[in-house]
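The file work01.txt contains compact mmCIF, C-alpha atoms:
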```
# COMPACT_ATOMS: atom_id res chain seq x y z
CA ALA A 1 6.07 -0.07 15.94
CA GLN A 2 6.19 -3.72 15.10
CA SER A 3 7.68 -4.59 11.74
CA VAL A 4 9.28 -7.43 9.84
CA THR A 5 12.01 -7.21 7.23
CA GLN A 6 12.95 -9.95 4.85
CA PRO A 7 16.07 -8.62 3.11
CA ASP A 8 16.10 -11.12 0.26
CA ILE A 9 13.37 -10.81 -2.36
CA HIS A 10 14.46 -13.85 -4.37
CA ILE A 11 16.88 -16.69 -3.66
CA THR A 12 17.90 -19.58 -5.90
CA VAL A 13 19.32 -22.73 -4.34
CA SER A 14 20.45 -25.96 -5.95
CA GLU A 15 18.50 -29.05 -5.04
CA GLY A 16 20.20 -30.78 -2.13
CA ALA A 17 21.95 -27.63 -0.96
CA SER A 18 21.29 -25.94 2.35
CA LEU A 19 19.01 -22.95 2.71
CA GLU A 20 18.82 -19.96 5.00
CA LEU A 21 16.14 -17.28 4.66
CA ARG A 22 16.63 -14.13 6.68
CA CYS A 23 14.09 -12.36 8.84
CA ASN A 24 14.63 -9.33 11.07
CA TYR A 25 11.93 -8.00 13.33
CA SER A 26 11.18 -4.94 15.39
CA TYR A 27 9.10 -5.58 18.48
CA GLY A 28 8.78 -4.10 21.94
CA ALA A 29 9.13 -7.33 23.88
CA THR A 30 9.93 -10.95 23.21
CA PRO A 31 7.63 -11.63 20.35
CA TYR A 32 5.77 -14.50 18.92
CA LEU A 33 7.47 -15.22 15.60
CA PHE A 34 6.14 -17.17 12.67
CA TRP A 35 7.21 -18.54 9.32
CA TYR A 36 4.56 -19.29 6.71
CA VAL A 37 4.96 -20.76 3.23
CA GLN A 38 2.83 -20.02 0.18
CA SER A 39 3.00 -22.46 -2.70
CA PRO A 40 1.80 -21.30 -6.13
CA GLY A 41 -1.98 -21.00 -6.22
CA GLN A 42 -2.29 -21.88 -2.55
CA GLY A 43 -2.93 -20.10 0.69
CA LEU A 44 -0.34 -19.69 3.40
CA GLN A 45 0.63 -22.63 5.57
CA LEU A 46 2.34 -22.38 8.96
CA LEU A 47 5.85 -23.85 8.96
CA LEU A 48 6.76 -23.09 12.55
CA LYS A 49 6.21 -20.74 15.47
CA TYR A 50 8.35 -19.42 18.30
CA PHE A 51 6.98 -17.98 21.53
CA SER A 52 9.36 -18.92 24.31
CA GLY A 53 11.85 -21.49 25.49
CA ASP A 54 14.32 -23.17 23.21
CA THR A 55 15.54 -20.68 20.64
CA LEU A 56 15.82 -23.36 17.96
CA VAL A 57 12.38 -24.27 16.70
CA GLN A 58 11.56 -27.29 14.58
CA GLY A 59 8.80 -27.09 12.03
CA ILE A 60 7.16 -29.12 9.34
CA LYS A 61 8.80 -30.31 6.12
CA GLY A 62 12.25 -30.41 7.72
CA PHE A 63 12.48 -26.67 8.39
CA GLU A 64 13.89 -25.08 11.51
CA ALA A 65 14.39 -21.51 12.67
CA GLU A 66 16.59 -19.90 15.28
CA PHE A 67 15.54 -16.94 17.42
CA LYS A 68 18.43 -14.58 18.17
CA ARG A 69 17.35 -11.76 20.45
CA SER A 70 20.67 -9.92 20.18
CA GLN A 71 20.31 -9.71 16.41
CA SER A 72 16.50 -9.35 16.32
CA SER A 73 16.51 -12.20 13.84
CA PHE A 74 14.51 -15.33 13.23
CA ASN A 75 16.15 -17.01 10.24
CA LEU A 76 14.66 -20.05 8.58
CA ARG A 77 16.91 -22.95 7.64
CA LYS A 78 16.78 -26.30 5.91
CA PRO A 79 19.81 -28.59 5.53
CA SER A 80 18.84 -30.04 2.14
CA VAL A 81 16.37 -28.37 -0.20
CA HIS A 82 13.97 -30.34 -2.38
CA TRP A 83 12.42 -29.11 -5.62
CA SER A 84 9.03 -29.08 -3.90
CA ASP A 85 10.30 -26.38 -1.50
CA ALA A 86 10.07 -23.80 -4.28
CA ALA A 87 7.56 -21.30 -2.92
CA GLU A 88 7.26 -17.92 -1.26
CA TYR A 89 8.18 -17.69 2.41
CA PHE A 90 6.86 -15.14 4.85
CA CYS A 91 8.07 -14.18 8.30
CA ALA A 92 5.48 -12.62 10.63
CA VAL A 93 5.06 -11.01 14.05
CA PRO A 94 1.92 -9.94 15.93
CA ASN A 95 0.68 -6.38 15.61
CA GLN A 96 0.79 -4.18 18.68
CA ALA A 97 -2.69 -5.18 19.79
CA GLY A 98 -1.91 -8.85 19.30
CA THR A 99 -4.97 -9.26 17.13
CA ALA A 100 -3.37 -10.08 13.82
CA LEU A 101 -0.07 -10.80 12.12
CA ILE A 102 2.23 -8.38 10.35
CA PHE A 103 3.94 -10.13 7.46
CA GLY A 104 7.21 -9.39 5.78
CA LYS A 105 7.25 -8.81 2.04
CA GLY A 106 8.29 -12.41 1.48
CA THR A 107 11.21 -14.26 -0.07
CA THR A 108 10.68 -16.27 -3.24
CA LEU A 109 12.70 -19.47 -3.29
CA SER A 110 13.60 -21.09 -6.58
CA VAL A 111 15.24 -24.52 -6.64
CA SER A 112 17.53 -25.43 -9.50
CA SER A 113 18.36 -28.97 -10.53
CA ASP B 1 -6.22 -28.66 2.43
CA SER B 2 -6.58 -26.10 5.23
CA GLY B 3 -10.32 -26.57 5.62
CA VAL B 4 -10.99 -22.90 4.81
CA THR B 5 -13.07 -22.41 1.69
CA GLN B 6 -13.12 -19.23 -0.35
CA THR B 7 -15.35 -18.45 -3.31
CA PRO B 8 -15.04 -17.47 -6.04
CA LYS B 9 -11.44 -18.28 -6.92
CA HIS B 10 -11.31 -15.60 -9.58
CA LEU B 11 -13.33 -12.46 -10.09
CA ILE B 12 -13.06 -10.00 -12.94
CA THR B 13 -15.03 -6.79 -12.78
CA ALA B 14 -14.99 -3.17 -13.84
CA THR B 15 -14.15 0.01 -11.97
CA GLY B 16 -17.01 1.39 -9.94
CA GLN B 17 -18.61 -2.00 -9.40
CA ARG B 18 -19.31 -3.88 -6.16
CA VAL B 19 -18.33 -7.47 -5.40
CA THR B 20 -18.75 -9.92 -2.53
CA LEU B 21 -16.14 -12.44 -1.51
CA ARG B 22 -17.17 -15.38 0.61
CA CYS B 23 -15.30 -17.43 3.19
CA SER B 24 -16.23 -20.53 5.16
CA PRO B 25 -13.89 -21.11 8.10
CA ARG B 26 -12.50 -24.39 9.26
CA SER B 27 -14.99 -26.46 11.23
CA GLY B 28 -14.86 -25.37 14.87
CA ASP B 29 -13.02 -22.10 14.25
CA LEU B 30 -14.87 -19.07 15.54
CA SER B 31 -12.65 -16.35 14.13
CA VAL B 32 -12.20 -15.15 10.58
CA TYR B 33 -9.54 -12.78 9.27
CA TRP B 34 -9.35 -11.04 5.92
CA TYR B 35 -6.02 -10.19 4.31
CA GLN B 36 -5.20 -8.44 1.05
CA GLN B 37 -2.08 -9.45 -0.88
CA SER B 38 -0.76 -7.12 -3.56
CA LEU B 39 2.60 -6.76 -5.25
CA ASP B 40 3.31 -3.31 -3.84
CA GLN B 41 1.82 -3.61 -0.33
CA GLY B 42 2.42 -7.29 0.36
CA LEU B 43 0.08 -9.00 2.84
CA GLN B 44 -2.08 -6.49 4.68
CA PHE B 45 -4.51 -7.29 7.48
CA LEU B 46 -7.96 -5.90 6.77
CA ILE B 47 -10.37 -7.02 9.46
CA GLN B 48 -11.17 -9.77 11.97
CA TYR B 49 -14.44 -11.20 13.21
CA TYR B 50 -14.98 -13.45 16.17
CA ASN B 51 -18.24 -15.34 16.62
CA GLY B 52 -20.19 -12.82 14.61
CA GLU B 53 -18.70 -9.65 16.01
CA GLU B 54 -15.97 -7.39 14.69
CA ARG B 55 -12.89 -7.78 16.84
CA ALA B 56 -10.09 -5.91 15.10
CA LYS B 57 -9.60 -3.60 12.18
CA GLY B 58 -6.51 -3.15 10.10
CA ASN B 59 -5.91 -1.24 6.91
CA ILE B 60 -9.43 -1.61 5.58
CA LEU B 61 -10.77 1.11 3.32
CA GLU B 62 -14.14 2.71 4.01
CA ARG B 63 -15.35 1.34 0.67
CA PHE B 64 -14.83 -2.15 2.06
CA SER B 65 -16.96 -3.86 4.67
CA ALA B 66 -17.31 -7.33 6.11
CA GLN B 67 -19.60 -9.38 8.27
CA GLN B 68 -19.72 -12.78 9.88
CA PHE B 69 -22.99 -14.65 9.89
CA PRO B 70 -24.49 -16.95 12.56
CA ASP B 71 -23.20 -20.01 10.71
CA LEU B 72 -19.73 -18.37 11.00
CA HIS B 73 -19.15 -17.87 7.32
CA SER B 74 -17.95 -14.41 6.40
CA GLU B 75 -18.35 -12.06 3.47
CA LEU B 76 -16.10 -9.22 2.39
CA ASN B 77 -17.87 -6.55 0.38
CA LEU B 78 -15.83 -4.29 -1.86
CA SER B 79 -17.58 -1.33 -3.47
CA SER B 80 -16.76 1.53 -5.84
CA LEU B 81 -13.90 -0.59 -7.05
CA GLU B 82 -10.73 1.01 -8.34
CA LEU B 83 -7.88 -0.42 -10.39
CA GLY B 84 -5.72 -0.45 -7.28
CA ASP B 85 -8.08 -2.86 -5.55
CA SER B 86 -6.88 -5.63 -7.83
CA ALA B 87 -5.27 -8.12 -5.48
CA LEU B 88 -5.45 -11.56 -3.95
CA TYR B 89 -7.82 -11.57 -0.99
CA PHE B 90 -7.24 -14.23 1.64
CA CYS B 91 -9.47 -15.42 4.38
CA ALA B 92 -7.97 -17.17 7.39
CA SER B 93 -9.56 -18.76 10.42
CA SER B 94 -8.47 -19.64 13.92
CA VAL B 95 -9.91 -21.20 17.02
CA THR B 96 -9.65 -18.52 19.69
CA GLY B 97 -9.34 -15.33 17.71
CA THR B 98 -6.05 -14.28 19.28
CA GLY B 99 -4.59 -13.83 15.83
CA GLY B 100 -1.27 -12.54 16.99
CA ASN B 101 -0.16 -15.69 18.75
CA GLU B 102 -2.01 -18.65 17.29
CA LYS B 103 -1.92 -20.63 14.10
CA LEU B 104 -3.94 -19.24 11.23
CA PHE B 105 -5.46 -21.49 8.59
CA PHE B 106 -5.61 -19.78 5.21
CA GLY B 107 -7.91 -20.35 2.30
CA SER B 108 -6.51 -20.39 -1.23
CA GLY B 109 -7.74 -16.87 -1.89
CA THR B 110 -9.89 -14.93 -4.33
CA GLN B 111 -8.01 -13.24 -7.15
CA LEU B 112 -9.78 -9.96 -7.92
CA SER B 113 -9.04 -8.17 -11.16
CA VAL B 114 -10.54 -4.73 -11.66
CA LEU B 115 -10.43 -3.57 -15.28
```

What does this structure look like when you write it as structure tokens?
Amino acid sequence: AQSVTQPDIHITVSEGASLELRCNYSYGATPYLFWYVQSPGQGLQLLLKYFSGDTLVQGIKGFEAEFKRSQSSFNLRKPSVHWSDAAEYFCAVPNQAGTALIFGKGTTLSVSS
Amino acid sequence: DSGVTQTPKHLITATGQRVTLRCSPRSGDLSVYWYQQSLDQGLQFLIQYYNGEERAKGNILERFSAQQFPDLHSELNLSSLELGDSALYFCASSVTGTGGNEKLFFGSGTQLSVL
């Protein structure tokens, strides 16, 4: 069955430092893969999406993610974190029917000054 | 601003009661999805409507029901409420309704507290 695992519940990064959030998925074929961000009091916003082609995907707000089939991973990265990046980040894959998304439990990012 | 509007933002009620959550999708989007976000279960897909018809069901309890009206707004009805129903309920919309491979636009949610 399709599933998503985000191993890190909470990560703290210094402002200006690089960031990598981990996501591992279980899926029968090459999946669509998504990263969403949820800022406090807000709904989720799509950061980026992978469905085929180049395994390095560029998203909004300076984020990128790399699809690695051999590791069943789709890790999110940013070279230099800003205080406004503090939020909760969710990785997602489609359900088996392709009708909705299955989300990971999320990783909360805190940014220290 | 995603363009998806959810009302009310907060709802406090008692066990055994019934509430209705409302969602207006983004202009032009035909599909509406309902998700429940809780601390223990995370984000769970409840149900999807496309152009007025139910298209997919997820982990929705029998005490819960939804509908999408001709003007495309949707309502999620929660009845016989229990303490465990306390959660943040999100509505999302999309253009084609293929929710597994297209961008979803989320509202800011309704925080339900059952006391």

- Message: Distance cut-off 10 Å, counting all atoms listed in the file - which residues of chain A neighbour chain B? Return them as a PyMOL selection string.
- Response: chain A and resi 31-34+36+38-51+90+92-106

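CA of Val95 in chain B is positioned 21.4 Å from CA of Leu21 in chain B.
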
- Message: Please report the interatomic distance between CA of Leu21 in chain A and CA of Leu88 in chain B in Å with one decimal.
- Response: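 Pair CA of Leu21 in chain A / CA of Leu88 in chain B returns 23.9 Å.
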
Ser3 in chain A surroundings by all atoms listed in the file, 7 Å radius, close-in-sequence under 3 positions cut, as a short mmCIF file (atom, residue, chain, number, x, y, z; two decimals) with C-alpha atoms, in the coordinates of the input:
```cif
data_model
loop_
_atom_site.label_atom_id
_atom_site.label_comp_id
_atom_site.auth_asym_id
_atom_site.auth_seq_id
_atom_site.Cartn_x
_atom_site.Cartn_y
_atom_site.Cartn_z
CA TYR A 25 11.93 -8.00 13.33
CA SER A 26 11.18 -4.94 15.39
CA TYR A 27 9.10 -5.58 18.48
CA ILE A 102 2.23 -8.38 10.35
#
```

- Can you pull out every residue within 7 Å of Pro25 in chain B, counting all atoms listed in the file, but drop anything in the same chain fewer than 5 positions away, and send it as a list in words? Gly3, Val4, Thr5, Val32, His73 and Ser93 of chain B

- Query: Which value, in Å to one decimal, gives the distance between CA of Ser84 in chain A and CA of Ser86 in chain B?
  - Reply: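 One can read the CA of Ser84 in chain A to CA of Ser86 in chain B distance as 28.6 Å.
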
- Message: Can you pull out the residues contacting Gly62 in chain A? Cut-off 10 Å, using only C-alpha atoms, and skip same-chain residues under 2 positions away; I want them as a list of chain:residue names.
- Response: A:Leu47, A:Gln58, A:Gly59, A:Ile60, A:Glu64, A:Arg77, A:Lys78, A:Pro79, A:Ser80, A:Val81
